[in-house]
>>> print(open('input.txt').read())   # compact mmCIF, C-alpha atoms
# COMPACT_ATOMS: atom_id res chain seq x y z
CA MET A 14 -3.19 136.89 -66.05
CA GLU A 15 0.02 138.27 -67.57
CA GLU A 16 -1.13 141.85 -67.86
CA ARG A 17 -2.19 143.72 -64.77
CA MET A 18 -2.79 147.45 -64.97
CA ILE A 19 -1.49 150.94 -65.51
CA ARG A 20 -1.13 152.96 -62.32
CA PRO A 21 0.71 156.02 -60.99
CA ILE A 22 4.41 155.60 -60.32
CA ARG A 23 5.71 155.33 -56.77
CA GLU A 24 8.85 157.03 -55.55
CA GLY A 25 10.53 153.71 -54.89
CA GLU A 26 10.08 152.72 -58.56
CA LEU A 27 11.95 155.68 -60.04
CA GLU A 28 15.21 153.79 -60.48
CA GLU A 29 13.42 150.90 -62.18
CA CYS A 30 11.67 153.37 -64.51
CA VAL A 31 15.02 154.87 -65.49
CA ARG A 32 16.11 151.39 -66.55
CA VAL A 33 12.88 150.76 -68.47
CA ILE A 34 13.19 154.07 -70.35
CA ARG A 35 16.86 153.63 -71.18
CA ASP A 36 16.45 150.00 -72.26
CA SER A 37 13.39 150.83 -74.37
CA PHE A 38 14.94 153.79 -76.18
CA SER A 39 18.25 151.97 -76.68
CA THR A 40 16.67 150.02 -79.56
CA VAL A 41 15.83 153.34 -81.26
CA ALA A 42 19.38 154.52 -80.70
CA GLU A 43 20.76 151.35 -82.24
CA ALA A 44 18.43 151.54 -85.24
CA PHE A 45 19.47 155.12 -86.08
CA GLY A 46 23.14 155.00 -85.14
CA LEU A 47 22.86 157.15 -82.01
CA SER A 48 25.43 157.02 -79.23
CA PRO A 49 26.41 158.94 -76.10
CA GLU A 50 29.07 160.63 -78.21
CA ASN A 51 26.91 161.90 -81.12
CA ALA A 52 23.60 162.28 -79.23
CA PRO A 53 24.25 162.66 -75.49
CA ARG A 54 20.86 164.35 -74.96
CA PHE A 55 18.89 161.49 -76.50
CA THR A 56 16.48 159.80 -74.08
CA ALA A 57 18.39 156.49 -73.99
CA PHE A 58 21.46 158.27 -72.63
CA ALA A 59 20.13 161.39 -70.89
CA THR A 60 17.49 159.84 -68.63
CA THR A 61 18.77 159.79 -65.06
CA LEU A 62 17.39 159.11 -61.61
CA GLU A 63 17.92 162.76 -60.71
CA ARG A 64 15.88 163.93 -63.70
CA LEU A 65 12.96 161.57 -63.04
CA ALA A 66 13.05 162.34 -59.31
CA GLY A 67 12.79 166.05 -60.11
CA GLN A 68 9.74 165.45 -62.31
CA TYR A 69 8.19 163.32 -59.57
CA ARG A 70 8.70 166.04 -56.96
CA GLU A 71 7.16 168.70 -59.19
CA GLY A 72 3.98 166.60 -59.39
CA ARG A 73 4.16 165.50 -63.00
CA ALA A 74 1.67 162.78 -63.98
CA MET A 75 3.82 159.65 -64.31
CA PHE A 76 2.37 156.19 -64.98
CA VAL A 77 3.73 152.65 -65.21
CA HIS A 78 2.42 149.45 -66.72
CA VAL A 79 2.95 146.63 -64.24
CA GLU A 80 2.70 142.89 -64.76
CA GLU A 81 1.09 140.39 -62.41
CA ASP A 82 4.40 139.95 -60.57
CA GLY A 83 4.71 143.72 -60.08
CA LYS A 84 7.43 144.16 -62.69
CA VAL A 85 7.38 147.49 -64.54
CA THR A 86 7.30 146.90 -68.30
CA GLY A 87 6.06 150.24 -69.64
CA TYR A 88 6.06 153.93 -68.77
CA TYR A 89 4.89 157.38 -69.82
CA SER A 90 4.47 160.84 -68.32
CA LEU A 91 2.37 163.92 -69.05
CA ARG A 92 3.52 167.51 -68.71
CA ILE A 93 0.81 170.14 -68.56
CA GLN A 94 1.81 173.23 -70.52
CA GLU A 95 0.92 176.80 -69.62
CA GLU A 96 -1.50 177.26 -72.50
CA GLY A 97 -3.55 174.26 -71.34
CA ASP A 98 -2.11 171.74 -73.77
CA CYS A 99 -0.38 168.56 -72.66
CA GLU A 100 2.92 166.98 -73.69
CA LEU A 101 3.39 163.21 -73.80
CA ASN A 102 6.88 162.17 -72.75
CA ASN A 103 8.87 158.94 -72.86
CA LEU A 104 6.08 156.52 -73.73
CA CYS A 105 7.92 153.22 -73.90
CA VAL A 106 7.66 149.44 -73.53
CA LEU A 107 10.50 147.06 -72.76
CA PRO A 108 11.72 145.34 -75.95
CA GLY A 109 10.77 141.89 -74.69
CA ARG A 110 7.14 142.93 -74.05
CA ARG A 111 6.41 144.70 -77.33
CA HIS A 112 3.66 143.61 -79.74
CA ALA A 113 1.44 142.66 -76.78
CA GLY A 114 -0.78 145.76 -76.89
CA ILE A 115 0.92 147.50 -73.98
CA GLY A 116 1.97 150.55 -76.00
CA LYS A 117 -1.59 150.96 -77.28
CA ARG A 118 -2.96 150.76 -73.72
CA LEU A 119 -0.44 153.32 -72.48
CA LEU A 120 -1.26 155.76 -75.29
CA GLU A 121 -5.02 155.40 -74.87
CA HIS A 122 -4.53 155.84 -71.13
CA GLY A 123 -2.62 159.07 -71.74
CA LEU A 124 -5.22 160.41 -74.15
CA LEU A 125 -8.00 159.77 -71.65
CA CYS A 126 -6.06 161.39 -68.79
CA ALA A 127 -5.14 164.48 -70.79
CA SER A 128 -8.69 165.01 -72.07
CA ALA A 129 -10.20 164.37 -68.62
CA PHE A 130 -8.09 167.17 -67.17
CA GLY A 131 -9.42 169.50 -69.86
CA CYS A 132 -6.34 169.74 -72.09
CA GLY A 133 -7.02 170.92 -75.63
CA ARG A 134 -4.21 169.04 -77.37
CA LEU A 135 -1.78 166.22 -76.69
CA LYS A 136 1.66 166.88 -78.20
CA LEU A 137 4.72 164.70 -78.63
CA GLY A 138 8.08 164.56 -80.34
CA ILE A 139 9.71 161.73 -82.29
CA VAL A 140 12.80 160.99 -84.33
CA GLU A 141 11.54 162.28 -87.68
CA GLU A 142 13.32 159.53 -89.56
CA ASN A 143 11.39 156.91 -87.57
CA THR A 144 8.61 156.52 -90.11
CA VAL A 145 7.24 153.38 -88.45
CA LEU A 146 6.63 155.21 -85.17
CA ARG A 147 5.13 158.20 -86.97
CA ALA A 148 2.69 155.92 -88.79
CA TRP A 149 1.78 154.26 -85.46
CA TYR A 150 0.84 157.59 -83.88
CA GLU A 151 -1.06 158.61 -87.01
CA ARG A 152 -3.28 155.54 -86.58
CA PHE A 153 -4.39 157.10 -83.27
CA GLY A 154 -5.32 160.40 -84.86
CA PHE A 155 -2.08 162.34 -84.37
CA LEU A 156 -1.14 164.86 -87.04
CA HIS A 157 2.40 165.78 -88.01
CA THR A 158 2.83 169.54 -87.47
CA HIS A 159 6.47 170.47 -88.09
CA MET A 160 10.14 169.49 -87.89
CA GLU A 161 13.16 171.02 -86.17
CA LYS A 162 16.89 170.40 -86.64
CA TYR A 163 19.11 170.90 -83.61
CA ASP A 164 22.91 171.02 -83.52
CA PHE A 165 23.07 168.56 -80.61
CA PHE A 166 21.15 165.80 -82.46
CA PRO A 167 22.29 163.98 -85.63
CA PHE A 168 18.63 163.42 -86.51
CA THR A 169 15.63 165.65 -87.19
CA CYS A 170 13.02 166.12 -84.48
CA GLY A 171 9.45 165.66 -85.66
CA TYR A 172 6.44 167.00 -83.78
CA MET A 173 2.91 165.63 -83.71
CA GLU A 174 -0.30 166.48 -81.91
CA ARG A 175 -3.90 165.43 -81.55
CA PRO A 176 -6.86 167.60 -80.54
CA LEU A 177 -8.70 166.56 -77.38
CA GLU A 178 -12.19 167.15 -76.06
CA PHE A 179 -13.96 165.72 -73.04
CA CYS A 180 -17.76 165.46 -73.13
CA PHE A 181 -20.17 164.17 -70.51
CA PHE A 182 -22.76 161.74 -71.80
CA ASP A 183 -26.45 162.50 -71.54
CA THR A 184 -27.38 160.01 -68.83
CA GLU A 185 -30.18 161.21 -66.60
CA VAL A 186 -31.14 157.74 -65.33
CA LEU A 187 -29.28 154.41 -65.15
CA THR A 188 -31.18 151.31 -64.07
CA ASP A 189 -30.89 147.54 -63.82
CA GLY A 190 -34.59 147.09 -63.08
CA GLU A 191 -34.04 147.01 -59.32
CA ILE A 192 -32.29 150.29 -58.58
CA LEU A 193 -32.11 153.60 -60.42
CA LEU A 194 -29.22 156.06 -60.51
CA MET A 195 -30.62 159.55 -61.00
CA LEU A 196 -28.08 162.14 -62.15
CA ASP A 197 -27.68 165.03 -59.74
CA LYS A 198 -24.82 166.88 -61.39
CA THR A 199 -21.61 166.63 -63.37
CA VAL A 200 -18.39 168.36 -62.32
CA PRO A 201 -15.72 169.22 -64.94
CA GLY A 202 -12.10 168.25 -64.46
CA SER A 203 -9.66 170.88 -63.26
CA LEU A 204 -6.08 171.25 -64.38
CA ALA A 205 -5.25 173.55 -61.49
CA GLU A 206 -6.69 171.24 -58.83
CA LYS A 207 -5.87 167.99 -60.66
CA TRP A 208 -9.50 166.95 -60.34
CA LEU A 209 -10.97 164.45 -62.77
CA PRO A 210 -14.44 165.03 -64.26
CA SER A 211 -17.16 163.28 -62.30
CA TYR A 212 -20.79 162.19 -62.38
CA HIS A 213 -22.84 162.36 -59.17
CA PHE A 214 -25.97 160.24 -58.74
CA THR A 215 -28.70 159.55 -56.21
CA ILE A 216 -29.35 155.83 -55.70
CA CYS A 217 -33.09 155.04 -55.64
CA ASP A 218 -34.98 151.80 -55.16
CA ARG A 219 -37.55 150.68 -57.74
CA GLU A 220 -40.27 152.75 -56.01
CA GLY A 221 -38.12 155.86 -56.29
CA HIS A 222 -37.13 156.15 -52.62
CA LYS A 223 -33.71 157.73 -52.12
CA ALA A 224 -31.44 155.00 -50.78
CA GLY A 225 -28.03 156.63 -51.04
CA ARG A 226 -25.62 158.25 -53.44
CA CYS A 227 -22.65 157.40 -55.65
CA ASP A 228 -20.20 159.11 -57.95
CA LEU A 229 -17.91 158.17 -60.81
CA ARG A 230 -14.61 159.88 -61.65
CA ILE A 231 -13.51 159.51 -65.26
CA GLY A 232 -9.83 158.98 -65.98
CA TYR A 233 -6.76 158.14 -63.94
CA SER A 234 -4.47 160.04 -61.58
CA GLU A 235 -2.46 159.48 -58.43
CA GLY A 236 -5.29 160.94 -56.38
CA VAL A 237 -7.91 158.63 -57.87
CA TYR A 238 -5.68 155.57 -57.48
CA TYR A 239 -5.79 156.02 -53.70
CA GLY A 240 -9.28 157.56 -53.54
CA GLY A 241 -10.98 155.38 -56.15
CA ASN A 242 -12.88 155.99 -59.38
CA ILE A 243 -16.16 155.27 -57.60
CA GLY A 244 -17.49 156.40 -54.26
CA TYR A 245 -20.77 155.28 -52.67
CA GLN A 246 -22.88 155.54 -49.56
CA VAL A 247 -26.12 153.71 -48.77
CA GLU A 248 -28.47 154.87 -46.04
CA GLU A 249 -28.97 152.55 -43.07
CA PRO A 250 -32.55 151.37 -43.84
CA TYR A 251 -31.50 150.22 -47.33
CA ARG A 252 -28.33 148.33 -46.46
CA GLY A 253 -28.09 144.58 -46.97
CA ASN A 254 -29.57 144.70 -50.50
CA HIS A 255 -26.28 145.06 -52.42
CA TYR A 256 -27.39 148.49 -53.64
CA ALA A 257 -23.81 149.83 -53.58
CA GLY A 258 -22.48 146.90 -55.59
CA LYS A 259 -25.33 147.12 -58.07
CA ALA A 260 -24.70 150.85 -58.45
CA CYS A 261 -21.04 150.12 -59.18
CA ARG A 262 -22.00 147.69 -61.94
CA LEU A 263 -24.18 150.35 -63.57
CA LEU A 264 -21.33 152.86 -63.35
CA PHE A 265 -18.96 150.37 -65.02
CA HIS A 266 -21.02 150.65 -68.22
CA LEU A 267 -20.77 154.44 -68.12
CA ALA A 268 -17.01 154.31 -67.53
CA LYS A 269 -16.59 151.94 -70.48
CA ARG A 270 -18.41 154.42 -72.74
CA HIS A 271 -15.65 156.87 -71.89
CA GLY A 272 -13.01 154.41 -73.07
CA MET A 273 -11.95 153.13 -69.66
CA ASP A 274 -10.99 149.45 -69.58
CA TYR A 275 -10.36 149.24 -65.85
CA LEU A 276 -10.97 151.25 -62.70
CA VAL A 277 -10.24 151.09 -59.00
CA ILE A 278 -12.38 151.33 -55.88
CA THR A 279 -10.67 151.81 -52.53
CA CYS A 280 -11.63 151.49 -48.88
CA ASN A 281 -10.00 151.28 -45.47
CA PRO A 282 -8.74 147.80 -44.59
CA ASP A 283 -11.10 147.57 -41.60
CA ASN A 284 -14.17 148.63 -43.60
CA TYR A 285 -15.45 145.09 -44.12
CA PRO A 286 -18.87 146.04 -45.56
CA SER A 287 -17.16 148.07 -48.28
CA ARG A 288 -14.71 145.27 -48.95
CA LYS A 289 -17.65 142.89 -49.39
CA THR A 290 -19.24 145.39 -51.79
CA CYS A 291 -16.07 145.44 -53.90
CA GLU A 292 -15.99 141.64 -53.99
CA TYR A 293 -19.71 141.47 -54.87
CA ALA A 294 -19.10 143.87 -57.77
CA GLY A 295 -16.31 141.66 -59.12
CA GLY A 296 -13.25 143.43 -57.79
CA ILE A 297 -9.87 141.83 -57.19
CA LEU A 298 -7.81 143.05 -54.25
CA GLY A 299 -4.66 144.30 -55.94
CA GLU A 300 -2.84 145.48 -52.84
CA ILE A 301 -3.14 147.16 -49.45
CA VAL A 302 -0.95 150.26 -49.47
CA ASP A 303 0.17 153.01 -47.13
CA LEU A 304 -1.13 156.40 -48.22
CA PRO A 305 1.55 158.87 -49.34
CA GLU A 306 2.44 161.36 -46.63
CA ASP A 307 1.01 164.28 -48.63
CA ASN A 308 -2.29 162.55 -49.43
CA ASP A 309 -5.36 164.58 -48.40
CA MET A 310 -7.07 161.59 -46.80
CA ARG A 311 -4.41 161.49 -44.10
CA ARG A 312 -5.97 164.65 -42.68
CA ASP A 313 -9.09 162.57 -41.96
CA GLY A 314 -7.03 159.98 -40.13
CA ASP A 315 -6.73 157.41 -42.94
CA THR A 316 -3.33 155.75 -43.32
CA ARG A 317 -3.89 152.67 -45.49
CA LYS A 318 -6.17 151.72 -48.37
CA CYS A 319 -7.29 148.50 -50.01
CA ILE A 320 -6.98 148.91 -53.78
CA TYR A 321 -9.61 146.83 -55.59
CA GLU A 322 -9.16 146.48 -59.35
CA PHE A 323 -12.01 146.01 -61.81
CA THR A 324 -11.65 145.04 -65.45
CA ILE A 325 -14.63 146.41 -67.34
>>> encode(input="input.txt", output="structure tokens")
Amino acid sequence: MEERMIRPIREGELEECVRVIRDSFSTVAEAFGLSPENAPRFTAFATTLERLAGQYREGRAMFVHVEEDGKVTGYYSLRIQEEGDCELNNLCVLPGRRHAGIGKRLLEHGLLCASAFGCGRLKLGIVEENTVLRAWYERFGFLHTHMEKYDFFPFTCGYMERPLEFCFFDTEVLTDGEILLMLDKTVPGSLAEKWLPSYHFTICDREGHKAGRCDLRIGYSEGVYYGGNIGYQVEEPYRGNHYAGKACRLLFHLAKRHGMDYLVITCNPDNYPSRKTCEYAGGILGEIVDLPEDNDMRRDGDTRKCIYEFTI
């Protein structure tokens, strides 16, 4: 397939992302007569490796769209503001990959992430004279709020925003006729802790015996890319019945109701039962990666993770 997924940026990709941002925004600069001389602070000219590296170090949510060959073709970042709102920055797609739905996927991805973390509004800025881009954002529910004219720009800055709200669905029991997932609790997302909202279920067999547990985290983040959107555990007497894989398939439907079009499940490379579960549930092994040095799972002795991707 041409299109792969949207995932958190890695430090080694920062330089490539600088190129993607500058190349993408250069078409805007050309269309509106912007240059390093008359608009040195414009994104096409002001984006540098030092700037992106600083945002990466401060823990900003930064995501890339990657193709099957691993090439970065799109980018965006989110900046959480003090009042609990969120700012969308530098959403872009390389000129040669536009009109393929990538920009739509990136924006919907950002809306889901911002709402999952509990942000009340997603804000962004545009070149006010770019009426085509304004109309595009309006199709996704963004409202134009105000304009500002700055001495260092030859254009007017327009500002838009969209209200956000995350709601858990009423889902006490999920079943496929063989197993039941009984809801134990829901846990809201946390801006401070960068936790995504989650559902927690008990896995039961058709007679109602407790066979294990599973959970589903809604949204996307660096932490969930390495830790997975779904976690599961099946008790010893009930193993060998594909209960974990069947639970995953039930959770896929719930994730899709929240607007997710893909998710990841991870496991240690030597955890062969879990790897078989991912394959049974329809996962594709995207990569086996080293955990970042600051990842919490390293404290438990984990160093590498298999990243299984699921299109839902």
>>> closest_atom_pairs(input="input.txt", of="range 273-296 of chain A", to="range 119-122 of chain A", cutoff="12 Å", atoms="all atoms listed in the file", output="JSON lines")
{"residue": "A:Met273", "atom": "CA", "partner": "A:His122", "partner_atom": "CA", "distance": 8.0}
{"residue": "A:Asp274", "atom": "CA", "partner": "A:His122", "partner_atom": "CA", "distance": 9.2}
{"residue": "A:Tyr275", "atom": "CA", "partner": "A:His122", "partner_atom": "CA", "distance": 10.3}
{"residue": "A:Leu276", "atom": "CA", "partner": "A:His122", "partner_atom": "CA", "distance": 11.6}
>>> closest_residue(input="input.txt", among="A:Leu298, A:Glu292, A:Gly87, A:Asp283", to="Arg317 in chain A", atoms="all atoms listed in the file")
A:Asp283
>>> atom_distance(input="input.txt", atom1="CA of Glu28 in chain A", atom2="CA of Leu125 in chain A")
26.4 Å
>>> closest_residue(input="input.txt", among="A:Thr86, A:Asn51, A:Thr60, A:Thr215", to="Met18 in chain A", atoms="all atoms listed in the file")
A:Thr86
>>> closest_residue(input="input.txt", among="A:Met195, A:Val31, A:Val140, A:Cys132", to="Cys170 in chain A", atoms="all atoms listed in the file")
A:Val140
>>> closest_residue(input="input.txt", among="A:Glu248, A:Asp82, A:Glu142, A:Glu100", to="Leu124 in chain A", atoms="all atoms listed in the file")
A:Glu100
>>> atom_distance(input="input.txt", atom1="CA of Thr184 in chain A", atom2="CA of Gly225 in chain A")
18.1 Å
>>> atom_distance(input="input.txt", atom1="CA of Val277 in chain A", atom2="CA of Ile243 in chain A")
7.4 Å
>>> closest_residue(input="input.txt", among="A:Ile297, A:Leu204, A:Cys30, A:Val186", to="Cys99 in chain A", atoms="only C-alpha atoms")
A:Leu204
>>> residues_around(input="input.txt", residues="Tyr212 in chain A", least_positions_apart="3", cutoff="9 Å", atoms="all atoms listed in the file", output="list of chain:residue names")
A:Phe181, A:Leu196, A:Asp197, A:Lys198, A:Thr199, A:Val200, A:Cys227, A:Asp228, A:Leu229, A:Arg230, A:Ile231
>>> write_last_selection(input="input.txt", atoms="C-alpha atoms", output="mmCIF file, in the frame of the given file")
data_model
loop_
_atom_site.group_PDB
_atom_site.id
_atom_site.type_symbol
_atom_site.label_atom_id
_atom_site.label_comp_id
_atom_site.auth_asym_id
_atom_site.auth_seq_id
_atom_site.Cartn_x
_atom_site.Cartn_y
_atom_site.Cartn_z
ATOM 1 C CA PHE A 181 -20.170 164.170 -70.510
ATOM 2 C CA LEU A 196 -28.080 162.140 -62.150
ATOM 3 C CA ASP A 197 -27.680 165.030 -59.740
ATOM 4 C CA LYS A 198 -24.820 166.880 -61.390
ATOM 5 C CA THR A 199 -21.610 166.630 -63.370
ATOM 6 C CA VAL A 200 -18.390 168.360 -62.320
ATOM 7 C CA CYS A 227 -22.650 157.400 -55.650
ATOM 8 C CA ASP A 228 -20.200 159.110 -57.950
ATOM 9 C CA LEU A 229 -17.910 158.170 -60.810
ATOM 10 C CA ARG A 230 -14.610 159.880 -61.650
ATOM 11 C CA ILE A 231 -13.510 159.510 -65.260
#
>>> closest_residue(input="input.txt", among="A:Gly240, A:Gly253, A:Gly138, A:Gly202", to="Gly171 in chain A", atoms="only C-alpha atoms")
A:Gly138
>>> residues_around(input="input.txt", residues="Leu27 in chain A", least_positions_apart="5", cutoff="7 Å", atoms="all atoms listed in the file", output="mmCIF file with C-alpha atoms, in the coordinates of the input")
data_model
loop_
_atom_site.group_PDB
_atom_site.id
_atom_site.type_symbol
_atom_site.label_atom_id
_atom_site.label_comp_id
_atom_site.auth_asym_id
_atom_site.auth_seq_id
_atom_site.Cartn_x
_atom_site.Cartn_y
_atom_site.Cartn_z
ATOM 1 C CA LEU A 62 17.390 159.110 -61.610
ATOM 2 C CA LEU A 65 12.960 161.570 -63.040
ATOM 3 C CA ALA A 66 13.050 162.340 -59.310
#
>>> residues_around(input="input.txt", residues="Tyr69 in chain A", least_positions_apart="6", cutoff="9 Å", atoms="only C-alpha atoms", output="ChimeraX atom specification")
/A:22-24,27,75
>>> residues_around(input="input.txt", residues="Asn254 in chain A", least_positions_apart="2", cutoff="12 Å", atoms="only C-alpha atoms", output="mmCIF file with C-alpha atoms, in the coordinates of the input")
data_model
loop_
_atom_site.group_PDB
_atom_site.id
_atom_site.type_symbol
_atom_site.label_atom_id
_atom_site.label_comp_id
_atom_site.auth_asym_id
_atom_site.auth_seq_id
_atom_site.Cartn_x
_atom_site.Cartn_y
_atom_site.Cartn_z
ATOM 1 C CA GLU A 191 -34.040 147.010 -59.320
ATOM 2 C CA ILE A 192 -32.290 150.290 -58.580
ATOM 3 C CA ASP A 218 -34.980 151.800 -55.160
ATOM 4 C CA ALA A 224 -31.440 155.000 -50.780
ATOM 5 C CA VAL A 247 -26.120 153.710 -48.770
ATOM 6 C CA GLU A 248 -28.470 154.870 -46.040
ATOM 7 C CA GLU A 249 -28.970 152.550 -43.070
ATOM 8 C CA PRO A 250 -32.550 151.370 -43.840
ATOM 9 C CA TYR A 251 -31.500 150.220 -47.330
ATOM 10 C CA ARG A 252 -28.330 148.330 -46.460
ATOM 11 C CA TYR A 256 -27.390 148.490 -53.640
ATOM 12 C CA ALA A 257 -23.810 149.830 -53.580
ATOM 13 C CA GLY A 258 -22.480 146.900 -55.590
ATOM 14 C CA LYS A 259 -25.330 147.120 -58.070
ATOM 15 C CA ALA A 260 -24.700 150.850 -58.450
ATOM 16 C CA PRO A 286 -18.870 146.040 -45.560
ATOM 17 C CA THR A 290 -19.240 145.390 -51.790
ATOM 18 C CA TYR A 293 -19.710 141.470 -54.870
#
>>> residues_around(input="input.txt", residues="range 33-43 of chain A", least_positions_apart="6", cutoff="9 Å", atoms="only C-alpha atoms", output="list of chain:residue names")
A:Ala52, A:Phe55, A:Thr56, A:Ala57, A:Phe58, A:Ala59, A:Thr60, A:Thr61, A:Val85, A:Thr86, A:Gly87, A:Tyr88, A:Tyr89, A:Asn103, A:Leu104, A:Cys105, A:Val106, A:Leu107, A:Pro108, A:Val140, A:Asn143
